[in-house]
Each structure stands twice: as C-alpha cells, then as structure tokens.
$ cat work_3.txt   # compact mmCIF, C-alpha atoms
# COMPACT_ATOMS: atom_id res chain seq x y z
CA MET Z 13 9.77 -13.73 29.43
CA LYS Z 14 7.21 -11.17 30.65
CA LYS Z 15 9.23 -8.39 29.05
CA THR Z 16 9.34 -10.26 25.74
CA ILE Z 17 5.53 -10.61 25.77
CA VAL Z 18 4.96 -6.93 26.67
CA ARG Z 19 7.40 -5.76 23.98
CA SER Z 20 5.98 -8.12 21.35
CA VAL Z 21 2.38 -7.02 22.05
CA PHE Z 22 3.54 -3.38 21.93
CA LEU Z 23 5.24 -3.86 18.55
CA PHE Z 24 2.26 -5.81 17.21
CA LEU Z 25 -0.11 -2.99 18.17
CA VAL Z 26 2.17 -0.39 16.58
CA TYR Z 27 2.25 -2.46 13.39
CA ILE Z 28 -1.54 -2.91 13.26
CA LEU Z 29 -2.06 0.83 13.83
CA GLN Z 30 0.50 1.66 11.16
CA SER Z 31 -1.02 -0.58 8.51
CA SER Z 32 -4.59 0.55 9.24
CA ILE Z 33 -5.25 3.95 10.87
CA PHE Z 34 -1.90 5.56 10.05
CA SER Z 35 -1.45 3.93 6.64
CA PHE Z 36 -2.83 6.98 4.84
CA LEU Z 37 -0.68 9.40 6.82
CA SER Z 38 1.99 10.95 4.64
CA ILE Z 39 3.74 14.28 4.85
CA ARG Z 40 4.68 15.66 1.43
CA GLY Z 41 4.48 12.16 -0.01
CA ILE Z 42 6.61 10.59 2.72
CA LYS Z 43 5.21 7.98 5.08
CA PRO Z 44 6.90 7.70 8.48
CA ASP Z 45 7.78 4.19 9.67
CA PHE Z 46 6.19 3.77 13.10
CA LEU Z 47 7.28 0.12 13.25
CA LEU Z 48 10.94 0.96 12.64
CA ALA Z 49 10.77 3.67 15.32
CA ALA Z 50 9.22 1.14 17.73
CA VAL Z 51 11.84 -1.54 16.91
CA ILE Z 52 14.59 1.01 17.64
CA ALA Z 53 12.85 2.06 20.87
CA VAL Z 54 12.69 -1.60 21.97
CA ALA Z 55 16.32 -2.21 20.93
CA LEU Z 56 17.37 0.82 23.03
CA GLN Z 57 15.68 -0.83 26.01
CA SER Z 58 17.11 -4.30 25.42
CA SER Z 59 20.22 -5.75 23.79
CA ASP Z 60 21.72 -6.29 20.33
CA ILE Z 61 20.42 -9.84 19.85
CA GLU Z 62 16.97 -8.95 21.17
CA GLY Z 63 16.85 -5.83 18.99
CA GLY Z 64 17.81 -7.95 15.99
CA ILE Z 65 15.19 -10.62 16.73
CA TYR Z 66 12.37 -8.09 17.19
CA GLY Z 67 13.42 -6.37 13.94
CA LEU Z 68 13.59 -9.69 12.09
CA PHE Z 69 10.24 -10.99 13.37
CA PHE Z 70 8.21 -7.82 12.83
CA GLY Z 71 9.96 -7.02 9.55
CA LEU Z 72 8.92 -10.48 8.32
CA LEU Z 73 5.37 -9.85 9.53
CA GLN Z 74 5.28 -6.61 7.51
CA ASP Z 75 6.63 -8.40 4.43
CA PHE Z 76 4.16 -11.28 4.59
CA HIS Z 77 1.23 -9.10 5.48
CA THR Z 78 1.33 -6.24 3.01
CA GLY Z 79 4.52 -6.61 0.97
CA TYR Z 80 5.32 -8.51 -2.20
CA ILE Z 81 9.08 -8.86 -1.85
CA LEU Z 82 9.44 -11.08 1.19
CA GLY Z 83 12.43 -10.44 3.42
CA ILE Z 84 13.23 -6.87 2.39
CA ASN Z 85 11.88 -5.28 5.58
CA ALA Z 86 13.04 -8.25 7.65
CA ILE Z 87 16.68 -7.86 6.62
CA SER Z 88 16.77 -4.07 7.02
CA LYS Z 89 14.93 -4.10 10.36
CA PHE Z 90 17.05 -7.03 11.62
CA ILE Z 91 20.34 -5.22 10.91
CA THR Z 92 19.02 -1.87 12.21
CA GLY Z 93 17.63 -3.47 15.40
CA TYR Z 94 20.84 -5.41 16.01
CA LEU Z 95 23.19 -2.45 15.48
CA THR Z 96 20.97 -0.16 17.58
CA GLY Z 97 21.10 -2.61 20.47
CA TYR Z 98 24.87 -3.06 20.00
CA TYR Z 99 25.97 0.57 19.78
CA THR Z 100 23.66 2.02 22.41
CA ARG Z 101 25.52 -0.05 25.02
CA ILE Z 102 28.42 2.33 24.68
CA LEU Z 103 26.38 5.54 24.27
CA PHE Z 104 25.02 7.84 26.94
CA ARG Z 105 21.38 7.52 28.00
CA SER Z 106 18.80 10.27 27.71
CA ASP Z 107 15.05 10.49 27.11
CA VAL Z 108 15.10 12.66 24.00
CA LEU Z 109 18.48 12.98 22.37
CA LEU Z 110 19.42 9.29 22.34
CA PRO Z 111 16.26 7.96 20.61
CA PHE Z 112 16.31 10.93 18.21
CA ILE Z 113 19.90 10.49 17.05
CA VAL Z 114 19.84 6.70 17.00
CA THR Z 115 16.59 6.64 15.00
CA PHE Z 116 17.92 9.21 12.54
CA VAL Z 117 21.03 7.11 11.84
CA GLY Z 118 19.03 3.84 12.01
CA SER Z 119 16.45 5.09 9.48
CA ILE Z 120 19.17 6.08 7.01
CA LEU Z 121 20.74 2.64 7.45
CA HIS Z 122 17.33 0.95 7.01
CA GLU Z 123 16.56 2.80 3.78
CA GLY Z 124 20.15 2.40 2.55
CA ILE Z 125 19.84 -1.40 2.86
CA THR Z 126 16.43 -1.29 1.12
CA ILE Z 127 17.78 0.80 -1.80
CA ILE Z 128 20.78 -1.54 -2.24
CA ILE Z 129 18.58 -4.67 -2.26
CA MET Z 130 16.06 -3.07 -4.62
CA HIS Z 131 18.90 -2.11 -6.94
CA PHE Z 132 19.99 -5.74 -7.20
CA ILE Z 133 16.56 -7.28 -7.71
CA GLN Z 134 14.63 -5.11 -10.11
CA PHE Z 135 14.54 -1.42 -9.46
CA SER Z 136 17.23 1.11 -10.07
CA HIS Z 137 16.93 4.55 -8.59
CA PRO Z 138 19.53 7.29 -8.44
CA PHE Z 139 20.77 7.05 -4.86
CA LEU Z 140 21.67 10.66 -4.06
CA PRO Z 141 18.45 12.42 -5.16
CA LEU Z 142 16.40 9.82 -3.27
CA MET Z 143 18.60 10.37 -0.22
CA TRP Z 144 17.77 14.09 -0.14
CA LYS Z 145 14.15 13.88 -1.17
CA LEU Z 146 13.02 10.75 0.63
CA VAL Z 147 15.46 9.26 3.11
CA LEU Z 148 16.47 12.33 5.13
CA PRO Z 149 12.92 13.67 5.70
CA TYR Z 150 11.82 10.08 6.46
CA ALA Z 151 14.64 9.73 9.02
CA PHE Z 152 13.65 13.04 10.63
CA LEU Z 153 9.96 12.03 10.90
CA ASN Z 154 10.89 8.65 12.38
CA SER Z 155 13.21 10.32 14.91
CA VAL Z 156 10.45 12.61 16.19
CA ILE Z 157 8.04 9.66 16.44
CA CYS Z 158 10.65 7.50 18.20
CA VAL Z 159 11.09 10.07 21.00
CA PHE Z 160 7.39 9.62 21.85
CA ILE Z 161 7.34 5.85 21.34
CA TYR Z 162 10.52 5.39 23.44
CA ASN Z 163 9.05 7.32 26.37
CA ILE Z 164 5.66 5.57 26.10
CA LEU Z 165 7.45 2.20 26.11
CA ARG Z 166 9.52 3.18 29.16
CA LYS Z 167 6.33 4.16 31.02
CA ILE Z 168 4.58 0.93 30.04
CA GLU Z 169 7.57 -1.15 31.17
CA ALA Z 170 7.88 0.86 34.38
CA SER Z 171 4.24 0.16 35.25
CA PHE Z 172 4.54 -3.54 34.41
CA PHE Z 173 7.86 -4.17 36.13
CA LYS Z 174 7.74 -1.80 39.13
CA HIS Z 175 8.90 -4.49 41.52
CA GLU Z 176 12.06 -5.14 39.51
CA GLY Z 177 13.24 -1.58 40.17
CA VAL Z 178 15.18 -1.32 36.91
CA ILE Z 179 13.74 -0.17 33.58
CA GLY Z 180 15.07 -1.84 30.49
CA ARG Z 181 17.70 -4.47 29.78
CA MET F 19 30.39 -17.68 21.86
CA ARG F 20 31.12 -14.56 19.76
CA ASP F 21 31.90 -16.72 16.70
CA LYS F 22 28.62 -18.57 17.19
CA ARG F 23 26.73 -15.26 17.29
CA LEU F 24 28.49 -14.00 14.15
CA TRP F 25 27.63 -17.20 12.28
CA LEU F 26 24.01 -16.90 13.39
CA ILE F 27 23.83 -13.36 12.00
CA ILE F 28 25.48 -14.37 8.72
CA ILE F 29 23.11 -17.36 8.29
CA THR F 30 20.06 -15.16 9.04
CA ILE F 31 21.12 -12.53 6.50
CA PHE F 32 21.92 -15.21 3.90
CA THR F 33 18.50 -16.88 4.42
CA LEU F 34 16.74 -13.53 4.03
CA ILE F 35 18.63 -12.76 0.83
CA VAL F 36 17.53 -16.14 -0.59
CA LEU F 37 13.94 -15.34 0.44
CA ILE F 38 14.11 -11.91 -1.23
CA ASN F 39 15.51 -13.47 -4.38
CA ILE F 40 12.74 -16.10 -4.59
CA SER F 41 9.90 -13.72 -3.77
CA SER F 42 11.10 -11.00 -6.17
CA LYS F 43 10.46 -13.52 -8.95
CA ASN F 44 7.28 -15.12 -7.67
CA ASN F 45 6.03 -14.92 -4.09
CA GLU F 46 3.33 -17.51 -4.74
CA ASP F 47 6.14 -20.03 -4.11
CA ILE F 48 6.11 -19.09 -0.44
CA MET F 49 2.64 -20.24 0.47
CA ILE F 50 3.23 -21.33 4.08
CA PHE F 51 2.88 -17.81 5.43
CA LYS F 52 -0.65 -17.19 4.14
CA PRO F 53 -2.26 -18.21 7.47
CA VAL F 54 -0.40 -15.23 9.06
CA ILE F 55 -2.48 -12.80 6.99
CA THR F 56 -5.68 -14.77 7.59
CA ALA F 57 -5.05 -14.58 11.35
CA ILE F 58 -4.27 -10.85 11.43
CA GLN F 59 -6.98 -9.73 9.00
CA PRO F 60 -9.97 -9.64 11.45
CA ILE F 61 -7.99 -7.56 14.00
CA GLN F 62 -6.83 -5.16 11.35
CA LYS F 63 -10.30 -4.90 9.82
CA ALA F 64 -11.71 -3.94 13.24
CA PHE F 65 -9.05 -1.21 13.64
CA PHE F 66 -9.54 0.06 10.11
CA THR F 67 -13.33 0.16 10.21
CA GLY F 68 -13.39 1.44 13.80
CA SER F 69 -11.08 4.34 13.07
CA ARG F 70 -13.05 5.39 9.99
CA GLU F 71 -16.37 5.21 11.86
CA THR F 72 -15.04 7.22 14.82
CA ALA F 73 -13.68 9.90 12.49
CA GLU F 74 -17.02 10.00 10.63
CA PHE F 75 -18.95 10.29 13.94
CA PHE F 76 -16.98 13.35 15.09
CA LYS F 77 -17.17 14.87 11.60
CA THR F 78 -20.97 14.50 11.68
CA ILE F 79 -21.30 16.26 15.06
CA MET F 80 -19.11 19.14 13.87
CA GLN F 81 -21.24 19.65 10.76
CA LEU F 82 -24.76 19.34 12.26
CA ASN F 83 -25.99 22.79 11.13
CA LYS F 84 -24.61 22.35 7.67
CA ILE F 85 -26.26 18.94 7.44
CA LYS F 86 -29.70 20.42 8.30
CA GLU F 87 -29.45 22.89 5.40
CA GLU F 88 -28.14 20.19 3.13
CA ASN F 89 -31.03 17.94 4.08
CA LYS F 90 -33.58 20.59 3.06
CA PHE F 91 -31.81 21.18 -0.23
CA LEU F 92 -31.50 17.45 -0.92
CA LYS F 93 -35.21 16.81 -0.29
CA ASN F 94 -36.05 19.25 -3.08
CA LYS F 95 -33.40 17.70 -5.26
CA VAL F 96 -34.76 14.18 -4.65
CA SER F 97 -38.22 15.05 -5.90
CA SER F 98 -36.86 16.54 -9.12
CA LEU F 99 -34.49 13.58 -9.57
CA GLU F 100 -37.34 11.12 -9.11
CA ASN F 101 -38.99 12.60 -12.17
CA SER F 102 -35.72 12.43 -14.09
CA ALA F 103 -35.20 8.81 -12.99
CA VAL F 104 -38.45 7.75 -14.64
CA MET F 105 -37.37 9.43 -17.87
CA ILE F 106 -33.91 7.83 -17.69
CA LYS F 107 -35.44 4.40 -17.11
CA GLU F 108 -37.53 4.84 -20.25
CA LEU F 109 -34.44 5.86 -22.22
CA GLN F 110 -32.48 2.90 -20.81
CA LEU F 111 -35.15 0.46 -21.92
CA GLU F 112 -35.21 2.05 -25.36
CA ASN F 113 -31.43 1.91 -25.52
CA GLN F 114 -31.44 -1.76 -24.52
CA ARG F 115 -33.95 -2.62 -27.21
CA LEU F 116 -31.90 -0.81 -29.85
CA LYS F 117 -28.71 -2.56 -28.76
CA GLU F 118 -30.40 -5.93 -28.95
CA MET F 119 -31.64 -5.06 -32.41
CA LEU F 120 -28.08 -4.27 -33.48
CA ASN F 121 -26.85 -7.48 -31.82
CA PHE F 122 -24.44 -5.32 -29.83
CA LYS F 123 -22.53 -7.05 -27.08
CA GLU F 124 -21.17 -4.79 -24.41
CA GLN F 125 -17.80 -5.75 -23.03
CA SER F 126 -19.02 -5.40 -19.44
CA PHE F 127 -21.54 -8.17 -20.13
CA TYR F 128 -18.70 -10.66 -19.78
CA TYR F 129 -17.72 -9.43 -16.37
CA GLY F 130 -19.15 -9.56 -12.89
CA MET F 131 -18.25 -7.20 -10.05
CA GLU F 132 -17.40 -8.28 -6.53
CA GLY F 133 -17.38 -5.50 -3.92
CA ALA F 134 -14.71 -5.51 -1.21
CA LYS F 135 -13.58 -3.37 1.69
CA VAL F 136 -10.01 -2.14 2.09
CA VAL F 137 -8.70 -3.49 5.40
CA GLY F 138 -5.01 -2.61 5.27
CA ARG F 139 -2.33 -0.82 3.37
CA ASN F 140 1.42 -1.24 3.00
CA PRO F 141 2.93 1.42 5.26
CA SER F 142 6.26 1.57 3.40
CA ASN F 143 7.41 4.33 1.05
CA TRP F 144 8.61 1.77 -1.50
CA PHE F 145 5.56 -0.39 -2.12
CA GLU F 146 1.93 0.49 -2.84
CA THR F 147 -0.31 -2.44 -1.99
CA ILE F 148 -3.64 -2.78 -0.18
CA LEU F 149 -5.36 -5.70 1.52
CA ILE F 150 -9.05 -6.33 0.82
CA ASP F 151 -11.52 -8.56 2.66
CA LYS F 152 -12.48 -10.83 -0.24
CA GLY F 153 -10.55 -13.84 -1.46
CA LYS F 154 -10.73 -17.23 -3.14
CA GLN F 155 -14.02 -18.01 -1.38
CA ASN F 156 -15.58 -15.12 -3.30
CA GLY F 157 -14.13 -16.18 -6.64
CA ILE F 158 -11.21 -13.76 -6.56
CA ASP F 159 -8.10 -14.86 -8.40
CA ILE F 160 -4.64 -13.52 -9.24
CA ASN F 161 -4.43 -10.86 -11.98
CA MET F 162 -8.06 -9.78 -11.69
CA ALA F 163 -8.52 -6.04 -12.21
CA VAL F 164 -9.61 -3.89 -9.26
CA VAL F 165 -11.62 -0.69 -9.80
CA THR F 166 -13.77 1.92 -8.08
CA ASN F 167 -16.57 3.95 -9.65
CA LYS F 168 -13.89 6.55 -10.52
CA GLY F 169 -11.48 4.26 -12.34
CA LEU F 170 -8.72 1.66 -12.22
CA VAL F 171 -7.12 0.82 -8.86
CA GLY F 172 -4.79 -2.07 -9.67
CA ARG F 173 -4.68 -5.86 -9.90
CA VAL F 174 -4.81 -8.79 -7.49
CA ILE F 175 -1.33 -10.24 -6.86
CA GLU F 176 -2.04 -12.68 -4.04
CA THR F 177 -5.12 -14.34 -2.63
CA GLY F 178 -6.06 -16.20 0.53
CA SER F 179 -9.37 -17.74 1.47
CA ARG F 180 -10.90 -14.47 2.70
CA TRP F 181 -8.35 -11.81 1.68
CA SER F 182 -6.48 -10.57 -1.34
CA LYS F 183 -3.47 -8.36 -1.89
CA VAL F 184 -3.83 -5.69 -4.57
CA LEU F 185 -0.91 -4.01 -6.37
CA LEU F 186 -1.93 -0.38 -6.97
CA ILE F 187 -1.24 1.28 -10.33
CA ILE F 188 0.89 3.88 -8.49
CA ASP F 189 3.39 1.18 -7.41
CA GLN F 190 6.73 1.24 -9.20
CA LYS F 191 6.38 -2.46 -10.16
CA SER F 192 2.96 -1.96 -11.73
CA SER F 193 2.61 -1.60 -15.48
CA VAL F 194 -0.67 -1.19 -17.32
CA SER F 195 -1.17 -1.05 -21.10
CA ALA F 196 -3.01 2.18 -21.74
CA MET F 197 -4.06 4.57 -24.47
CA ILE F 198 -4.93 8.23 -24.79
CA GLN F 199 -8.66 8.16 -25.48
CA ARG F 200 -8.67 11.12 -27.91
CA THR F 201 -5.58 10.33 -29.98
CA ARG F 202 -5.58 6.49 -29.54
CA ASP F 203 -1.83 6.55 -28.82
CA ASN F 204 -0.65 3.55 -26.82
CA GLY F 205 1.75 3.53 -23.91
CA ILE F 206 2.50 1.93 -20.55
CA ILE F 207 1.38 3.35 -17.21
CA LYS F 208 3.96 3.01 -14.43
CA GLY F 209 4.04 4.08 -10.79
CA GLN F 210 6.58 6.51 -9.36
CA ILE F 211 8.75 6.53 -6.25
CA GLU F 212 9.87 10.18 -5.94
CA PRO F 213 8.00 11.89 -3.06
CA GLU F 214 7.10 14.94 -5.19
CA ASN F 215 5.36 12.66 -7.73
CA LYS F 216 3.82 10.32 -5.15
CA GLY F 217 0.30 9.33 -6.12
CA TYR F 218 0.94 10.14 -9.80
CA CYS F 219 1.77 7.75 -12.65
CA GLN F 220 3.92 8.05 -15.73
CA MET F 221 2.81 7.08 -19.22
CA VAL F 222 5.91 5.93 -21.06
CA TYR F 223 6.60 4.83 -24.66
CA LEU F 224 4.29 7.44 -26.17
CA PRO F 225 5.18 8.05 -29.85
CA ILE F 226 7.11 11.26 -30.57
CA ASP F 227 4.47 12.42 -33.10
CA SER F 228 1.63 11.98 -30.63
CA ASN F 229 -0.35 15.20 -30.15
CA VAL F 230 -1.36 14.30 -26.60
CA LEU F 231 -2.40 17.33 -24.54
CA PRO F 232 -2.83 18.08 -20.84
CA GLY F 233 -6.36 17.12 -19.79
CA ASP F 234 -6.61 14.15 -22.18
CA LEU F 235 -8.28 11.09 -20.70
CA VAL F 236 -6.20 7.92 -20.33
CA ILE F 237 -7.93 4.53 -20.48
CA SER F 238 -6.74 0.92 -20.38
CA SER F 239 -6.04 -0.46 -23.84
CA GLY F 240 -6.82 -4.09 -23.07
CA LEU F 241 -3.42 -5.23 -24.39
CA GLY F 242 -1.70 -7.72 -22.13
CA GLY F 243 -4.92 -9.45 -21.20
CA ILE F 244 -5.08 -8.46 -17.53
CA PHE F 245 -7.09 -5.26 -17.61
CA PRO F 246 -10.24 -5.02 -19.72
CA LYS F 247 -10.25 -2.31 -22.38
CA GLY F 248 -11.80 1.06 -21.57
CA LEU F 249 -11.23 1.39 -17.82
CA ILE F 250 -10.53 5.01 -16.85
CA ILE F 251 -7.00 5.47 -15.49
CA GLY F 252 -6.68 9.22 -15.20
CA GLU F 253 -5.93 12.49 -16.92
CA VAL F 254 -2.75 13.78 -18.55
CA GLU F 255 -1.19 16.43 -16.30
CA ARG F 256 1.93 17.33 -18.31
CA ILE F 257 4.03 16.00 -21.16
CA GLU F 258 7.82 15.77 -21.35
CA GLN F 259 10.09 15.02 -24.22
CA GLN F 260 13.61 14.12 -23.24
CA GLU F 261 16.50 15.23 -25.39
CA ASN F 262 17.72 12.68 -27.93
CA GLU F 263 14.75 10.46 -27.09
CA LEU F 264 12.28 9.29 -29.70
CA LEU F 265 9.46 8.92 -27.24
CA LYS F 266 7.32 11.15 -25.03
CA ILE F 267 6.55 10.73 -21.34
CA ALA F 268 3.29 11.97 -19.80
CA THR F 269 2.57 12.50 -16.12
CA ILE F 270 -0.88 11.11 -15.31
CA LYS F 271 -3.09 12.13 -12.42
CA PRO F 272 -5.04 8.96 -11.52
CA ALA F 273 -8.84 9.24 -11.45
CA VAL F 274 -8.88 7.30 -8.17
CA ASP F 275 -7.94 9.08 -4.95
CA PHE F 276 -5.60 6.52 -3.40
CA GLN F 277 -5.47 8.42 -0.12
CA ARG F 278 -9.20 7.81 0.43
CA LEU F 279 -9.61 4.27 -0.76
CA GLU F 280 -12.28 2.47 1.28
CA GLU F 281 -14.29 0.25 -1.03
CA VAL F 282 -13.26 -1.34 -4.31
CA PHE F 283 -14.72 -3.69 -6.92
CA ILE F 284 -12.93 -6.68 -8.35
CA ILE F 285 -13.75 -7.48 -11.96
CA VAL F 286 -14.53 -11.19 -11.94
CA LYS F 287 -14.66 -12.85 -15.32
CA LYS F 288 -17.79 -14.96 -15.61
CA PRO F 289 -17.21 -18.64 -16.45
CA ASP F 290 -18.09 -19.60 -20.02
CA ASN F 291 -21.02 -21.83 -19.03
CA GLU F 292 -22.58 -18.96 -17.06
CA LEU F 293 -22.21 -16.69 -20.07
CA LEU F 294 -23.96 -19.23 -22.29
CA THR F 295 -26.89 -19.49 -19.86
CA GLU F 296 -27.27 -15.70 -19.75
CA GLU F 297 -27.07 -15.49 -23.52
CA GLU F 298 -29.77 -18.14 -23.87
CA ASN F 299 -32.03 -16.24 -21.45
$ encode --input "work_3.txt" --output "structure tokens"
Amino acid sequence: MKKTIVRSVFLFLVYILQSSIFSFLSIRGIKPDFLLAAVIAVALQSSDIEGGIYGLFFGLLQDFHTGYILGINAISKFITGYLTGYYTRILFRSDVLLPFIVTFVGSILHEGITIIIMHFIQFSHPFLPLMWKLVLPYAFLNSVICVFIYNILRKIEASFFKHEGVIGR
Amino acid sequence: MRDKRLWLIIITIFTLIVLINISSKNNEDIMIFKPVITAIQPIQKAFFTGSRETAEFFKTIMQLNKIKEENKFLKNKVSSLENSAVMIKELQLENQRLKEMLNFKEQSFYYGMEGAKVVGRNPSNWFETILIDKGKQNGIDINMAVVTNKGLVGRVIETGSRWSKVLLIIDQKSSVSAMIQRTRDNGIIKGQIEPENKGYCQMVYLPIDSNVLPGDLVISSGLGGIFPKGLIIGEVERIEQQENELLKIATIKPAVDFQRLEEVFIIVKKPDNELLTEEEN
C-alpha cells in the first residue's frame, strides 16, 4: 500500500511538472514524454498488472486534463505499462541499459498505438515518415530521461523502504 | 486466474476504445470528469506561475547592469512619449467624433475581452491545447475566440467553473476560415503535425490564380461564425502548388509565439441587452 502511494505521488508530480514547467520544452519540434518514461520506470520496479494500472490511471488523467480525445493516452500507456512489467520479468536487470532499451521499445509501441487509433478516428498521417521524423527521436529522448527517472525512483523507494531490504517488486 | 486477467485486459481496452470513439465526436458528453481538472488546476497554476517567476528572478539578477542602462534610456523615452500621448489622445477624440458623425460601428464594439492566465499545456506531440484560469464563472463559453495582442491563439473547446481548455490554431484538428489581407483570397488555416513544421500552420484551398506572396498578412475571414473577422493570424512564409492540383497551399508563420504563451484574452460576445444599453448611452 505504501509503495502504491509513493509511486502514485511520484507519477502525479512528474505529470504536473510535465504539463506546466516542461510543457514548453521541445527539441527540434519534439516534446519528450516524461510521464511515459515515469510509467515505464515504475513498471520496471513493479509487475505487469501494476504497470498497466499506473499507465491506465495516469494516461486517463492526461486525457481528461489537457486532451480532447479521451482514452487515447490511457490505452497506449496501459498497454505499454503492462507489457513493460510483463517482459522485464524475464530480462536482465541493470541501472542504465534496461530502462534505456525498454523505454525505447515502449515509446515506439506507445506512439504506434496512438497513430493507429488516430488513423481510425479522424487523422491520417503517412506512418513511415512520421516514424523517422517524430517517433524515433521521441523514443530516444524518452529513453535518456527514463534512465534518470528510474534511478531517482529507485533512490526514493530505497529511502522509504530501507527496512524491507529489497528494492522494487 | 490467467483467463480472468486476460478478460480484464480485453474489457479495459474495449472500454477505452468506446471512450475514444465517443470523445472524438464530442467530449462534452463525458462531463463527469470535469471535477478532476478543477481539483488539479490550483496545484498546476502554482507550479506554472512559480517556475516562471523563479526564472524571471534569476534572469533579472543576471542582467542588472543592462537594466540600469535601459532604465536611463527609458526615462528619456518616457518624457518624449508623454508628449506624444497627449497628441494621440487629441487625435483619438477627433477620430471618435468623426466616426460618430459617419455613424460608423466598429466590429470590436460588439465584443468584450476577458483576460486569462495560461496554467497548463498538453505535453503530447499530437495535440496542441492549453488550460486557462477562467471559465463559466467569468462568462467564458465553448467556441469563443482566444487572442493575444499579437493575434489569434485558438478557440475554447471545453469549460469548467474556473477553467477552460483552448484548442490552439497550430493543432491538427483546428481549422480557421481565413483570408489573405492584400489579395482577399479565402482559405482554411490548419495546424501541422510534422516536427519540422511544428508551430507553423498551413493555409489550404487557396485559388490557383491567387497572387499571394511571401510576407502577406493573413487574417480571419469571419466565415463560419466562430472567429470574428479581421483577427491577425500570421504571415505567409512560402507558397506551394502541387502537381495536378487546382489549389495552392501556403505555409503560415503564426503572429503568436506559442512557445511563450503566458496571458491570453477571450473574446466574449456582449449580450444583446447590454449592447442596447451602451448604444443608448
């Protein structure tokens, strides 16, 4: 329960920072997704179901708060959070490489789902050019951010749950 | 247990798809979540304002010497401007008298302006919306135009009691009826998604015989009824004519700097009875 509260407050703070202070931050027209990086970092520390629930809840928050197509971030963050939690059970653990690779793949998946949904509702964009111009640089930015967020989260959890002796899960 | 989990995932995804489908048509149908924004807004406003003020504070310290020189220069400027202001006031009064004599009604007479602060922005690459700190309590309603002193920002798409969501003109879903001021050619302004064109708009459906040129001013045409006529949108950057197409496309650089959007004005249409009272006075 304590872990759920700490992780939820952490994700909430990341979201508030992203939609206020960092909302104007863009590199060559591409905005990194701090919330997605944080959801992946939390999913790496927890399980598939937990990763999915955090992704769903905070994706919905993003949709209600600043979006106009409700559910689009919720569905992509839910699936990304769930699959991150699921596949990292069988992957090796490291402080840098794991969050970097998982976030890179997770970001491509997240944007892939978004493009597919957008295609069906009202927008149609050529997939491949967008992949090169937008999705890959976006995935790279998120991966770099996730390395920091993942290690910050581990330190926060270590200081909160010293007595438990085990970080994560 | 595994089957139960799979069903849970399928039901969640299905529910979200239904939600996406409803909200892509009209998200006013999903009203129950408005309190979420109302609850978050004060926290976000504190972060937003706090960060801007901190950045301004450090910027001021760094530029202290420059500010001293600027202050001296501005003092001289103020005294000369004070003289000009008196002259301008005289001209304004004369202008007003002449307009009254000609029974000229300015379009802006029918509108009021409500100032608002930007308290949040959509962090996604796909959507361009902002949150402002004024809502229904301040007379803000859906489809009201939002501007700055530079030009058109967008339109209100959702309102709460003390907040509103604004769709920026650079969003891919936005479309504004516009015209080239010099040539009077009409077209539609749309947002763009490609990173290299981020922050720019496209003016589509321009006639093939239009002699639009780079640098031409683009203003709202007033068609469609949402945006009043004559609001500055931006300047033509370049013009393209696609092969086998009978129309031209212009890339527009918006007059508003969307990366530095802090305060905006909402154009509030005055109620008819208020207009009558003002006309009588």
$ atom_distance --input "work_3.txt" --atom1 "CA of Gly209 in chain F" --atom2 "CA of Gly118 in chain Z"
27.3 Å
$ interface_residues --input "work_3.txt" --of "chain F" --to "chain Z" --cutoff "7 Å" --atoms "only C-alpha atoms" --output "ChimeraX atom specification"
/F:31,34,37-38,41-42,45,51,55,62,65-66,69,137-143,147-149,213-214,216,277
$ write_last_selection --input "work_3.txt" --atoms "C-alpha atoms" --output "PDB file, in the coordinates of the input"
ATOM      1  CA  ILE F  31      21.120 -12.530   6.500  1.00  0.00           C
ATOM      2  CA  LEU F  34      16.740 -13.530   4.030  1.00  0.00           C
ATOM      3  CA  LEU F  37      13.940 -15.340   0.440  1.00  0.00           C
ATOM      4  CA  ILE F  38      14.110 -11.910  -1.230  1.00  0.00           C
ATOM      5  CA  SER F  41       9.900 -13.720  -3.770  1.00  0.00           C
ATOM      6  CA  SER F  42      11.100 -11.000  -6.170  1.00  0.00           C
ATOM      7  CA  ASN F  45       6.030 -14.920  -4.090  1.00  0.00           C
ATOM      8  CA  PHE F  51       2.880 -17.810   5.430  1.00  0.00           C
ATOM      9  CA  ILE F  55      -2.480 -12.800   6.990  1.00  0.00           C
ATOM     10  CA  GLN F  62      -6.830  -5.160  11.350  1.00  0.00           C
ATOM     11  CA  PHE F  65      -9.050  -1.210  13.640  1.00  0.00           C
ATOM     12  CA  PHE F  66      -9.540   0.060  10.110  1.00  0.00           C
ATOM     13  CA  SER F  69     -11.080   4.340  13.070  1.00  0.00           C
ATOM     14  CA  VAL F 137      -8.700  -3.490   5.400  1.00  0.00           C
ATOM     15  CA  GLY F 138      -5.010  -2.610   5.270  1.00  0.00           C
ATOM     16  CA  ARG F 139      -2.330  -0.820   3.370  1.00  0.00           C
ATOM     17  CA  ASN F 140       1.420  -1.240   3.000  1.00  0.00           C
ATOM     18  CA  PRO F 141       2.930   1.420   5.260  1.00  0.00           C
ATOM     19  CA  SER F 142       6.260   1.570   3.400  1.00  0.00           C
ATOM     20  CA  ASN F 143       7.410   4.330   1.050  1.00  0.00           C
ATOM     21  CA  THR F 147      -0.310  -2.440  -1.990  1.00  0.00           C
ATOM     22  CA  ILE F 148      -3.640  -2.780  -0.180  1.00  0.00           C
ATOM     23  CA  LEU F 149      -5.360  -5.700   1.520  1.00  0.00           C
ATOM     24  CA  PRO F 213       8.000  11.890  -3.060  1.00  0.00           C
ATOM     25  CA  GLU F 214       7.100  14.940  -5.190  1.00  0.00           C
ATOM     26  CA  LYS F 216       3.820  10.320  -5.150  1.00  0.00           C
ATOM     27  CA  GLN F 277      -5.470   8.420  -0.120  1.00  0.00           C
TER      28      GLN F 277
END
$ residues_around --input "work_3.txt" --residues "Thr16 in chain Z" --least-positions-apart "6" --cutoff "10 Å" --atoms "all atoms listed in the file" --output "PyMOL selection string"
chain Z and resi 22+58+62+66
$ residues_around --input "work_3.txt" --residues "Thr92 in chain Z" --least-positions-apart "5" --cutoff "8 Å" --atoms "only C-alpha atoms" --output "list in words"
Ile52, Gly64, Gly67, Gly118, Ser119, Leu121 and His122 of chain Z
$ atom_distance --input "work_3.txt" --atom1 "CA of Pro60 in chain F" --atom2 "CA of Lys152 in chain F"
12.0 Å
$ atom_distance --input "work_3.txt" --atom1 "CA of Gly205 in chain F" --atom2 "CA of Tyr223 in chain F"
5.1 Å
$ closest_residue --input "work_3.txt" --among "F:Leu170, F:Met162, F:Leu111, F:Ile251" --to "Gln199 in chain F" --atoms "only C-alpha atoms"
F:Ile251
$ closest_residue --input "work_3.txt" --among "F:Ile211, F:Lys191, F:Met105, F:Ile284" --to "Ala134 in chain F" --atoms "all atoms listed in the file"
F:Ile284
$ closest_residue --input "work_3.txt" --among "F:Thr166, F:Pro272, F:Trp181, F:Val36" --to "Ile58 in chain F" --atoms "all atoms listed in the file"
F:Trp181
$ closest_residue --input "work_3.txt" --among "F:Ile270, F:Leu231, F:Val165, F:Ile158" --to "Arg180 in chain F" --atoms "only C-alpha atoms"
F:Ile158
$ residues_around --input "work_3.txt" --residues "Ile161 in chain Z" --least-positions-apart "2" --cutoff "8 Å" --atoms "only C-alpha atoms" --output "ChimeraX atom specification"
/Z:49-50,53,157-159,163-165
$ residues_around --input "work_3.txt" --residues "Ser182 in chain F" --least-positions-apart "6" --cutoff "6 Å" --atoms "all atoms listed in the file" --output "number ranges by chain"
F: 149-150, 153, 176
